[in-house]
Amino acid sequence: MSVIVIEFITLDGIVSDPDGSGGTPTGGWAFRHGPEAVAGDKFRLGRTLDEGVMLLGRTTWQVFSRIWPGRDDPFSARMNAVPKLVASRTLTDPSAWVNSQVIDGDLIDTVKREQRDVIITGSLSVVRALMAADLIDEYRLLTFPTILGAGDRLFPAEGPAAHLECRSAEQSGAAVLAWYGRPPHPGGDAGRA
């Protein structure tokens, strides 16, 4: 089981409001590069999406629950089919997006007990909680040639240190997809001890 964070991110590390749904003055920055920059399986999730589980914070889940259910292309069908866990203290009815359930209990314990790969998209508060608990195995970042100067950063100045290795990097439209993961442990085992 791996915990994988996927994010649209700017050159200066901002992850807030990439689609403009948050209504911020700089929102929508990822979509300024055209639909080909963001459409489909840009994060190369493949079987991980088919066999894993998505973990979303309430805000990201609400945005996605308005977008994905109405689409029927092959990637959207996969997004709708994947089991979805929602970390929320206020959401009570996840029926707006099929295969969604609100986490009953502690977020960290839920992730530790999960047997499937866990994919977190957006959901900065969830990502930061898992960072603090040292539970993230991999970051897949689609970096756009944009500098905003302000906004929520993926890696906060006061956040925990991490030593990762670059597993791959490739151009994807106007952006660059880079995968970073935990280096193999001595003895050849990757992931957490």
# chains A, B, ... in the order shown; residues from 1 in each chain; ligands from 1

$ closest_atom_pairs --of "stretch 17-111 of chain A" --to "stretch 139-142 of chain A" --cutoff "9 Å" --atoms "only C-alpha atoms" --output "tab-separated table"
residue	atom	partner	partner_atom	distance
A:Val38	CA	A:Leu142	CA	8.9
A:Lys42	CA	A:Leu142	CA	7.9
A:Phe43	CA	A:Arg140	CA	6.4
A:Arg44	CA	A:Arg140	CA	8.8

$ residues_around --residues "A:Gly57" --least-positions-apart "6" --cutoff "6 Å" --atoms "only C-alpha atoms" --output "PyMOL selection string"
chain A and resi 86-87+123

$ write_last_selection --atoms "C-alpha atoms" --output "mmCIF file, in the first residue's frame"
data_model
loop_
_atom_site.group_PDB
_atom_site.id
_atom_site.type_symbol
_atom_site.label_atom_id
_atom_site.label_comp_id
_atom_site.auth_asym_id
_atom_site.auth_seq_id
_atom_site.Cartn_x
_atom_site.Cartn_y
_atom_site.Cartn_z
ATOM 1 C CA VAL A 86 -14.071 11.946 2.351
ATOM 2 C CA ALA A 87 -12.345 13.524 5.338
ATOM 3 C CA SER A 123 -7.193 18.450 -0.287
#

$ closest_residue --among "A:Glu114, A:Asp73, A:Glu165, A:Asp93" --to "A:Trp61" --atoms "only C-alpha atoms"
A:Asp93

$ select_by_dssp --residues "stretch 1-188 of chain A" --states "strand (DSSP E)" --output "PyMOL selection string"
chain A and resi 3-10+53-57+84-87+100-102+118-121+138-144+165-172+175-181

$ write_last_selection --atoms "N, CA and C atoms" --output "CSV table (one decimal), in the first residue's frame"
chain,number,residue,atom,x,y,z
A,3,VAL,N,0.8,5.7,-0.2
A,3,VAL,CA,0.0,6.9,-0.1
A,3,VAL,C,0.6,7.9,-1.2
A,4,ILE,N,-0.2,8.3,-2.1
A,4,ILE,CA,0.2,9.0,-3.3
A,4,ILE,C,-0.5,10.4,-3.3
A,5,VAL,N,0.2,11.5,-3.3
A,5,VAL,CA,-0.3,12.8,-3.4
A,5,VAL,C,-0.2,13.3,-4.9
A,6,ILE,N,-1.3,13.7,-5.5
A,6,ILE,CA,-1.2,14.3,-6.8
A,6,ILE,C,-1.7,15.7,-6.7
A,7,GLU,N,-1.0,16.6,-7.4
A,7,GLU,CA,-1.3,18.0,-7.3
A,7,GLU,C,-1.0,18.7,-8.6
A,8,PHE,N,-1.8,19.7,-8.9
A,8,PHE,CA,-1.4,20.8,-9.9
A,8,PHE,C,-0.6,21.8,-9.0
A,9,ILE,N,0.5,22.2,-9.5
A,9,ILE,CA,1.3,23.1,-8.7
A,9,ILE,C,2.0,24.1,-9.6
A,10,THR,N,2.3,25.3,-9.1
A,10,THR,CA,3.0,26.4,-9.8
A,10,THR,C,4.5,26.2,-9.6
A,53,VAL,N,-8.0,3.6,-3.7
A,53,VAL,CA,-9.1,4.4,-3.2
A,53,VAL,C,-8.6,5.9,-3.2
A,54,MET,N,-9.5,6.8,-3.5
A,54,MET,CA,-9.2,8.2,-3.4
A,54,MET,C,-9.6,8.7,-2.0
A,55,LEU,N,-8.8,9.6,-1.5
A,55,LEU,CA,-9.0,10.3,-0.3
A,55,LEU,C,-9.1,11.8,-0.6
A,56,LEU,N,-10.2,12.4,-0.2
A,56,LEU,CA,-10.4,13.8,-0.5
A,56,LEU,C,-10.9,14.5,0.7
A,57,GLY,N,-10.5,15.8,0.8
A,57,GLY,CA,-11.1,16.7,1.8
A,57,GLY,C,-12.5,17.1,1.3
A,84,LYS,N,-14.2,6.3,-2.9
A,84,LYS,CA,-13.8,7.7,-2.4
A,84,LYS,C,-14.1,7.8,-0.9
A,85,LEU,N,-13.0,8.1,-0.2
A,85,LEU,CA,-13.2,8.4,1.2
A,85,LEU,C,-13.1,9.9,1.4
A,86,VAL,N,-14.0,10.5,2.2
A,86,VAL,CA,-14.1,11.9,2.4
A,86,VAL,C,-13.7,12.3,3.8
A,87,ALA,N,-12.7,13.1,4.0
A,87,ALA,CA,-12.3,13.5,5.3
A,87,ALA,C,-13.1,14.8,5.6
A,100,SER,N,-18.8,7.2,-2.8
A,100,SER,CA,-18.2,8.0,-1.8
A,100,SER,C,-18.7,7.7,-0.4
A,101,GLN,N,-17.8,7.8,0.6
A,101,GLN,CA,-18.3,7.6,2.0
A,101,GLN,C,-17.4,8.5,2.9
A,102,VAL,N,-18.0,9.1,3.9
A,102,VAL,CA,-17.4,9.9,4.8
A,102,VAL,C,-16.6,9.1,5.8
A,118,VAL,N,-3.7,4.6,-1.6
A,118,VAL,CA,-4.5,5.8,-1.3
A,118,VAL,C,-4.0,7.0,-2.2
A,119,ILE,N,-4.9,7.5,-2.9
A,119,ILE,CA,-4.6,8.7,-3.8
A,119,ILE,C,-5.3,9.9,-3.3
A,120,ILE,N,-4.5,10.9,-2.9
A,120,ILE,CA,-5.0,12.2,-2.5
A,120,ILE,C,-4.8,13.2,-3.5
A,121,THR,N,-5.9,13.9,-3.9
A,121,THR,CA,-5.8,15.0,-4.9
A,121,THR,C,-6.3,16.2,-4.3
A,138,GLU,N,4.7,9.1,-2.0
A,138,GLU,CA,5.0,9.5,-3.3
A,138,GLU,C,4.2,10.8,-3.6
A,139,TYR,N,4.9,11.8,-4.3
A,139,TYR,CA,4.2,13.0,-4.8
A,139,TYR,C,4.3,12.9,-6.3
A,140,ARG,N,3.2,13.1,-7.0
A,140,ARG,CA,3.1,13.3,-8.4
A,140,ARG,C,2.6,14.7,-8.7
A,141,LEU,N,3.5,15.5,-9.1
A,141,LEU,CA,3.3,16.9,-9.3
A,141,LEU,C,3.3,17.3,-10.7
A,142,LEU,N,2.2,18.0,-11.2
A,142,LEU,CA,2.1,18.5,-12.5
A,142,LEU,C,2.4,20.0,-12.3
A,143,THR,N,3.6,20.4,-12.7
A,143,THR,CA,4.1,21.8,-12.4
A,143,THR,C,3.9,22.6,-13.7
A,144,PHE,N,3.1,23.7,-13.5
A,144,PHE,CA,2.8,24.6,-14.5
A,144,PHE,C,3.7,25.8,-14.5
A,165,GLU,N,13.4,10.9,-3.7
A,165,GLU,CA,14.2,10.7,-5.0
A,165,GLU,C,13.2,11.0,-6.1
A,166,CYS,N,13.8,11.5,-7.2
A,166,CYS,CA,13.0,11.8,-8.4
A,166,CYS,C,12.9,10.4,-9.2
A,167,ARG,N,11.7,10.0,-9.3
A,167,ARG,CA,11.5,8.7,-10.1
A,167,ARG,C,11.3,8.9,-11.5
A,168,SER,N,10.7,10.0,-11.9
A,168,SER,CA,10.6,10.4,-13.4
A,168,SER,C,10.2,11.8,-13.5
A,169,ALA,N,10.5,12.4,-14.7
A,169,ALA,CA,10.0,13.7,-15.0
A,169,ALA,C,9.8,13.7,-16.5
A,170,GLU,N,8.7,14.3,-17.0
A,170,GLU,CA,8.4,14.4,-18.4
A,170,GLU,C,7.5,15.6,-18.7
A,171,GLN,N,7.7,16.1,-19.9
A,171,GLN,CA,6.8,17.2,-20.2
A,171,GLN,C,5.4,16.7,-20.5
A,172,SER,N,4.4,17.4,-20.1
A,172,SER,CA,3.0,17.1,-20.4
A,172,SER,C,2.3,18.3,-20.8
A,175,ALA,N,3.0,21.8,-19.0
A,175,ALA,CA,3.5,21.5,-17.7
A,175,ALA,C,4.5,20.4,-17.7
A,176,VAL,N,5.1,20.1,-16.5
A,176,VAL,CA,6.0,19.0,-16.3
A,176,VAL,C,5.5,18.1,-15.2
A,177,LEU,N,5.3,16.8,-15.6
A,177,LEU,CA,4.9,15.8,-14.5
A,177,LEU,C,6.2,15.2,-13.9
A,178,ALA,N,6.3,15.4,-12.6
A,178,ALA,CA,7.5,14.8,-11.9
A,178,ALA,C,6.9,13.9,-10.8
A,179,TRP,N,7.6,12.7,-10.6
A,179,TRP,CA,7.2,11.8,-9.6
A,179,TRP,C,8.4,11.8,-8.6
A,180,TYR,N,8.1,12.0,-7.3
A,180,TYR,CA,9.0,12.0,-6.2
A,180,TYR,C,8.6,10.9,-5.2
A,181,GLY,N,9.5,10.1,-4.7
A,181,GLY,CA,9.1,9.1,-3.8
A,181,GLY,C,10.2,8.9,-2.7

$ residues_around --residues "stretch 108-112 of chain A" --least-positions-apart "2" --cutoff "10 Å" --atoms "only C-alpha atoms" --output "PDB file with N, CA and C atoms, in the first residue's frame"
ATOM      1  N   MET A   1       0.837  -1.185   0.000  1.00  0.00           N
ATOM      2  CA  MET A   1       0.000   0.000   0.000  1.00  0.00           C
ATOM      3  C   MET A   1       0.875   1.239   0.000  1.00  0.00           C
ATOM      4  N   SER A   2       0.573   2.174  -0.872  1.00  0.00           N
ATOM      5  CA  SER A   2       1.279   3.449  -0.934  1.00  0.00           C
ATOM      6  C   SER A   2       0.293   4.592  -0.790  1.00  0.00           C
ATOM      7  N   VAL A   3       0.759   5.680  -0.224  1.00  0.00           N
ATOM      8  CA  VAL A   3      -0.016   6.915  -0.137  1.00  0.00           C
ATOM      9  C   VAL A   3       0.581   7.870  -1.157  1.00  0.00           C
ATOM     10  N   LEU A  55      -8.770   9.641  -1.542  1.00  0.00           N
ATOM     11  CA  LEU A  55      -9.007  10.300  -0.267  1.00  0.00           C
ATOM     12  C   LEU A  55      -9.086  11.792  -0.554  1.00  0.00           C
ATOM     13  N   LEU A  85     -13.024   8.139  -0.203  1.00  0.00           N
ATOM     14  CA  LEU A  85     -13.152   8.432   1.219  1.00  0.00           C
ATOM     15  C   LEU A  85     -13.097   9.944   1.371  1.00  0.00           C
ATOM     16  N   ALA A  87     -12.717  13.080   4.001  1.00  0.00           N
ATOM     17  CA  ALA A  87     -12.345  13.524   5.338  1.00  0.00           C
ATOM     18  C   ALA A  87     -13.115  14.807   5.626  1.00  0.00           C
ATOM     19  N   ILE A 103     -15.372   9.424   6.082  1.00  0.00           N
ATOM     20  CA  ILE A 103     -14.543   8.658   7.024  1.00  0.00           C
ATOM     21  C   ILE A 103     -15.191   8.689   8.396  1.00  0.00           C
ATOM     22  N   ASP A 104     -15.357   7.522   8.956  1.00  0.00           N
ATOM     23  CA  ASP A 104     -15.900   7.387  10.295  1.00  0.00           C
ATOM     24  C   ASP A 104     -14.730   7.147  11.234  1.00  0.00           C
ATOM     25  N   GLY A 105     -14.278   8.196  11.890  1.00  0.00           N
ATOM     26  CA  GLY A 105     -13.143   8.050  12.798  1.00  0.00           C
ATOM     27  C   GLY A 105     -11.981   8.926  12.395  1.00  0.00           C
ATOM     28  N   ASP A 106     -10.818   8.567  12.873  1.00  0.00           N
ATOM     29  CA  ASP A 106      -9.606   9.356  12.720  1.00  0.00           C
ATOM     30  C   ASP A 106      -8.977   9.176  11.331  1.00  0.00           C
ATOM     31  N   GLU A 114      -5.783   1.180   5.807  1.00  0.00           N
ATOM     32  CA  GLU A 114      -6.176   0.936   4.414  1.00  0.00           C
ATOM     33  C   GLU A 114      -5.220  -0.053   3.749  1.00  0.00           C
ATOM     34  N   GLN A 115      -5.799  -1.026   3.036  1.00  0.00           N
ATOM     35  CA  GLN A 115      -5.005  -2.048   2.343  1.00  0.00           C
ATOM     36  C   GLN A 115      -4.716  -1.667   0.895  1.00  0.00           C
ATOM     37  N   ARG A 116      -5.513  -0.759   0.343  1.00  0.00           N
ATOM     38  CA  ARG A 116      -5.340  -0.336  -1.052  1.00  0.00           C
ATOM     39  C   ARG A 116      -4.438   0.894  -1.114  1.00  0.00           C
ATOM     40  N   ASP A 117      -3.888   1.176  -2.298  1.00  0.00           N
ATOM     41  CA  ASP A 117      -3.179   2.433  -2.494  1.00  0.00           C
ATOM     42  C   ASP A 117      -4.150   3.578  -2.266  1.00  0.00           C
ATOM     43  N   VAL A 118      -3.675   4.631  -1.611  1.00  0.00           N
ATOM     44  CA  VAL A 118      -4.491   5.803  -1.299  1.00  0.00           C
ATOM     45  C   VAL A 118      -3.988   6.963  -2.161  1.00  0.00           C
ATOM     46  N   VAL A 126      -5.758  17.642   4.234  1.00  0.00           N
ATOM     47  CA  VAL A 126      -5.540  16.200   4.357  1.00  0.00           C
ATOM     48  C   VAL A 126      -4.074  15.878   4.089  1.00  0.00           C
ATOM     49  N   ALA A 129      -1.891  16.895   7.030  1.00  0.00           N
ATOM     50  CA  ALA A 129      -2.041  15.977   8.173  1.00  0.00           C
ATOM     51  C   ALA A 129      -1.236  14.708   7.941  1.00  0.00           C
ATOM     52  N   LEU A 130      -1.266  14.182   6.710  1.00  0.00           N
ATOM     53  CA  LEU A 130      -0.509  12.966   6.405  1.00  0.00           C
ATOM     54  C   LEU A 130       0.987  13.242   6.341  1.00  0.00           C
ATOM     55  N   ALA A 132       2.536  15.428   8.281  1.00  0.00           N
ATOM     56  CA  ALA A 132       2.932  15.516   9.691  1.00  0.00           C
ATOM     57  C   ALA A 132       3.062  14.133  10.317  1.00  0.00           C
ATOM     58  N   ALA A 133       2.266  13.171   9.844  1.00  0.00           N
ATOM     59  CA  ALA A 133       2.321  11.801  10.364  1.00  0.00           C
ATOM     60  C   ALA A 133       3.310  10.931   9.586  1.00  0.00           C
ATOM     61  N   LEU A 135       3.267   9.833   6.469  1.00  0.00           N
ATOM     62  CA  LEU A 135       2.576   8.740   5.795  1.00  0.00           C
ATOM     63  C   LEU A 135       2.610   8.838   4.268  1.00  0.00           C
TER      64      LEU A 135
END

$ select_by_dssp --residues "chain A" --states "alpha helix (DSSP H)" --output "short mmCIF file (atom, residue, chain, number, x, y, z; two decimals) with C-alpha atoms, in the first residue's frame"
data_model
loop_
_atom_site.label_atom_id
_atom_site.label_comp_id
_atom_site.auth_asym_id
_atom_site.auth_seq_id
_atom_site.Cartn_x
_atom_site.Cartn_y
_atom_site.Cartn_z
CA ARG A 47 -4.19 0.58 -12.37
CA THR A 48 -3.62 2.51 -9.15
CA LEU A 49 -6.83 4.41 -9.85
CA ASP A 50 -8.66 1.18 -10.75
CA GLU A 51 -7.49 -0.75 -7.68
CA ARG A 58 -14.63 18.06 1.88
CA THR A 59 -13.92 21.11 -0.31
CA THR A 60 -12.17 19.13 -3.06
CA TRP A 61 -14.85 16.43 -2.88
CA GLN A 62 -17.60 19.04 -3.29
CA VAL A 63 -15.91 20.56 -6.36
CA PHE A 64 -15.34 17.11 -7.89
CA SER A 65 -18.89 15.95 -7.07
CA ARG A 66 -20.20 18.75 -9.30
CA ILE A 67 -17.80 17.94 -12.17
CA PRO A 74 -13.38 6.68 -20.18
CA PHE A 75 -11.30 8.62 -17.63
CA SER A 76 -14.41 10.13 -16.02
CA ALA A 77 -15.94 6.65 -15.78
CA ARG A 78 -12.85 5.54 -13.84
CA MET A 79 -13.05 8.60 -11.56
CA ASN A 80 -16.70 7.85 -10.85
CA ALA A 81 -16.03 4.14 -10.23
CA LEU A 107 -8.01 10.25 9.36
CA ILE A 108 -4.54 8.95 10.26
CA ASP A 109 -5.88 5.65 11.62
CA THR A 110 -8.05 5.22 8.53
CA VAL A 111 -5.03 5.65 6.22
CA LYS A 112 -2.87 3.33 8.32
CA ARG A 113 -5.54 0.60 8.16
CA LEU A 124 -4.31 20.41 1.22
CA SER A 125 -5.44 19.98 4.84
CA VAL A 126 -5.54 16.20 4.36
CA VAL A 127 -2.12 16.21 2.69
CA ARG A 128 -0.61 18.28 5.49
CA ALA A 129 -2.04 15.98 8.17
CA LEU A 130 -0.51 12.97 6.41
CA MET A 131 2.80 14.84 5.96
CA ALA A 132 2.93 15.52 9.69
#

$ closest_residue --among "A:Gly122, A:Gly173, A:Trp29, A:Thr90" --to "A:Leu154" --atoms "only C-alpha atoms"
A:Gly122

$ atom_distance --atom1 "atom CA of A:Gly149" --atom2 "atom CA of A:Gly34"
21.8 Å

$ atom_distance --atom1 "atom CA of A:Trp68" --atom2 "atom CA of A:Arg32"
20.1 Å

$ atom_distance --atom1 "atom CA of A:Val98" --atom2 "atom CA of A:Asp19"
22.2 Å

$ residues_around --residues "stretch 24-26 of chain A" --least-positions-apart "5" --cutoff "12 Å" --atoms "only C-alpha atoms" --output "count of residues only"
16

$ decode --residues "stretch 125-153 of chain A" --atoms "N, CA and C atoms" --output "PDB file, in the first residue's frame"
ATOM      1  N   SER A 125      -5.429  20.273   3.397  1.00  0.00           N
ATOM      2  CA  SER A 125      -5.444  19.983   4.837  1.00  0.00           C
ATOM      3  C   SER A 125      -5.209  18.498   5.094  1.00  0.00           C
ATOM      4  N   VAL A 126      -5.758  17.642   4.234  1.00  0.00           N
ATOM      5  CA  VAL A 126      -5.540  16.200   4.357  1.00  0.00           C
ATOM      6  C   VAL A 126      -4.074  15.878   4.089  1.00  0.00           C
ATOM      7  N   VAL A 127      -3.518  16.455   3.033  1.00  0.00           N
ATOM      8  CA  VAL A 127      -2.115  16.213   2.689  1.00  0.00           C
ATOM      9  C   VAL A 127      -1.215  16.636   3.841  1.00  0.00           C
ATOM     10  N   ARG A 128      -1.472  17.791   4.399  1.00  0.00           N
ATOM     11  CA  ARG A 128      -0.609  18.281   5.495  1.00  0.00           C
ATOM     12  C   ARG A 128      -0.711  17.404   6.733  1.00  0.00           C
ATOM     13  N   ALA A 129      -1.891  16.895   7.030  1.00  0.00           N
ATOM     14  CA  ALA A 129      -2.041  15.977   8.173  1.00  0.00           C
ATOM     15  C   ALA A 129      -1.236  14.708   7.941  1.00  0.00           C
ATOM     16  N   LEU A 130      -1.266  14.182   6.710  1.00  0.00           N
ATOM     17  CA  LEU A 130      -0.509  12.966   6.405  1.00  0.00           C
ATOM     18  C   LEU A 130       0.987  13.242   6.341  1.00  0.00           C
ATOM     19  N   MET A 131       1.381  14.446   5.910  1.00  0.00           N
ATOM     20  CA  MET A 131       2.802  14.838   5.956  1.00  0.00           C
ATOM     21  C   MET A 131       3.298  14.808   7.399  1.00  0.00           C
ATOM     22  N   ALA A 132       2.536  15.428   8.281  1.00  0.00           N
ATOM     23  CA  ALA A 132       2.932  15.516   9.691  1.00  0.00           C
ATOM     24  C   ALA A 132       3.062  14.133  10.317  1.00  0.00           C
ATOM     25  N   ALA A 133       2.266  13.171   9.844  1.00  0.00           N
ATOM     26  CA  ALA A 133       2.321  11.801  10.364  1.00  0.00           C
ATOM     27  C   ALA A 133       3.310  10.931   9.586  1.00  0.00           C
ATOM     28  N   ASP A 134       4.037  11.518   8.646  1.00  0.00           N
ATOM     29  CA  ASP A 134       5.032  10.814   7.827  1.00  0.00           C
ATOM     30  C   ASP A 134       4.422   9.606   7.106  1.00  0.00           C
ATOM     31  N   LEU A 135       3.267   9.833   6.469  1.00  0.00           N
ATOM     32  CA  LEU A 135       2.576   8.740   5.795  1.00  0.00           C
ATOM     33  C   LEU A 135       2.610   8.838   4.268  1.00  0.00           C
ATOM     34  N   ILE A 136       3.186   9.884   3.717  1.00  0.00           N
ATOM     35  CA  ILE A 136       3.168  10.042   2.260  1.00  0.00           C
ATOM     36  C   ILE A 136       4.370   9.340   1.647  1.00  0.00           C
ATOM     37  N   ASP A 137       4.081   8.469   0.681  1.00  0.00           N
ATOM     38  CA  ASP A 137       5.126   7.708   0.003  1.00  0.00           C
ATOM     39  C   ASP A 137       5.569   8.346  -1.304  1.00  0.00           C
ATOM     40  N   GLU A 138       4.664   9.053  -1.970  1.00  0.00           N
ATOM     41  CA  GLU A 138       4.975   9.548  -3.306  1.00  0.00           C
ATOM     42  C   GLU A 138       4.203  10.831  -3.598  1.00  0.00           C
ATOM     43  N   TYR A 139       4.866  11.750  -4.300  1.00  0.00           N
ATOM     44  CA  TYR A 139       4.237  12.961  -4.810  1.00  0.00           C
ATOM     45  C   TYR A 139       4.302  12.914  -6.326  1.00  0.00           C
ATOM     46  N   ARG A 140       3.157  13.090  -6.976  1.00  0.00           N
ATOM     47  CA  ARG A 140       3.114  13.252  -8.429  1.00  0.00           C
ATOM     48  C   ARG A 140       2.628  14.671  -8.678  1.00  0.00           C
ATOM     49  N   LEU A 141       3.540  15.500  -9.136  1.00  0.00           N
ATOM     50  CA  LEU A 141       3.269  16.925  -9.258  1.00  0.00           C
ATOM     51  C   LEU A 141       3.273  17.348 -10.716  1.00  0.00           C
ATOM     52  N   LEU A 142       2.187  17.973 -11.151  1.00  0.00           N
ATOM     53  CA  LEU A 142       2.106  18.531 -12.489  1.00  0.00           C
ATOM     54  C   LEU A 142       2.378  20.022 -12.331  1.00  0.00           C
ATOM     55  N   THR A 143       3.617  20.415 -12.671  1.00  0.00           N
ATOM     56  CA  THR A 143       4.090  21.777 -12.433  1.00  0.00           C
ATOM     57  C   THR A 143       3.858  22.641 -13.666  1.00  0.00           C
ATOM     58  N   PHE A 144       3.127  23.728 -13.462  1.00  0.00           N
ATOM     59  CA  PHE A 144       2.787  24.645 -14.542  1.00  0.00           C
ATOM     60  C   PHE A 144       3.741  25.832 -14.546  1.00  0.00           C
ATOM     61  N   PRO A 145       4.054  26.382 -15.733  1.00  0.00           N
ATOM     62  CA  PRO A 145       4.985  27.509 -15.837  1.00  0.00           C
ATOM     63  C   PRO A 145       4.312  28.819 -15.420  1.00  0.00           C
ATOM     64  N   THR A 146       3.932  28.859 -14.160  1.00  0.00           N
ATOM     65  CA  THR A 146       3.221  30.001 -13.593  1.00  0.00           C
ATOM     66  C   THR A 146       3.858  30.322 -12.248  1.00  0.00           C
ATOM     67  N   ILE A 147       4.011  31.607 -11.983  1.00  0.00           N
ATOM     68  CA  ILE A 147       4.491  32.069 -10.678  1.00  0.00           C
ATOM     69  C   ILE A 147       3.427  33.012 -10.139  1.00  0.00           C
ATOM     70  N   LEU A 148       2.870  32.692  -8.982  1.00  0.00           N
ATOM     71  CA  LEU A 148       1.795  33.494  -8.411  1.00  0.00           C
ATOM     72  C   LEU A 148       2.261  34.416  -7.296  1.00  0.00           C
ATOM     73  N   GLY A 149       3.272  34.012  -6.554  1.00  0.00           N
ATOM     74  CA  GLY A 149       3.772  34.844  -5.476  1.00  0.00           C
ATOM     75  C   GLY A 149       2.987  34.746  -4.185  1.00  0.00           C
ATOM     76  N   ALA A 150       1.738  34.313  -4.258  1.00  0.00           N
ATOM     77  CA  ALA A 150       0.911  34.204  -3.055  1.00  0.00           C
ATOM     78  C   ALA A 150      -0.084  33.072  -3.248  1.00  0.00           C
ATOM     79  N   GLY A 151      -0.473  32.486  -2.131  1.00  0.00           N
ATOM     80  CA  GLY A 151      -1.422  31.381  -2.145  1.00  0.00           C
ATOM     81  C   GLY A 151      -0.933  30.288  -1.222  1.00  0.00           C
ATOM     82  N   ASP A 152      -1.678  29.216  -1.148  1.00  0.00           N
ATOM     83  CA  ASP A 152      -1.310  28.098  -0.278  1.00  0.00           C
ATOM     84  C   ASP A 152      -0.237  27.249  -0.952  1.00  0.00           C
ATOM     85  N   ARG A 153       0.849  27.034  -0.247  1.00  0.00           N
ATOM     86  CA  ARG A 153       1.955  26.231  -0.765  1.00  0.00           C
ATOM     87  C   ARG A 153       1.800  24.776  -0.321  1.00  0.00           C
TER      88      ARG A 153
END
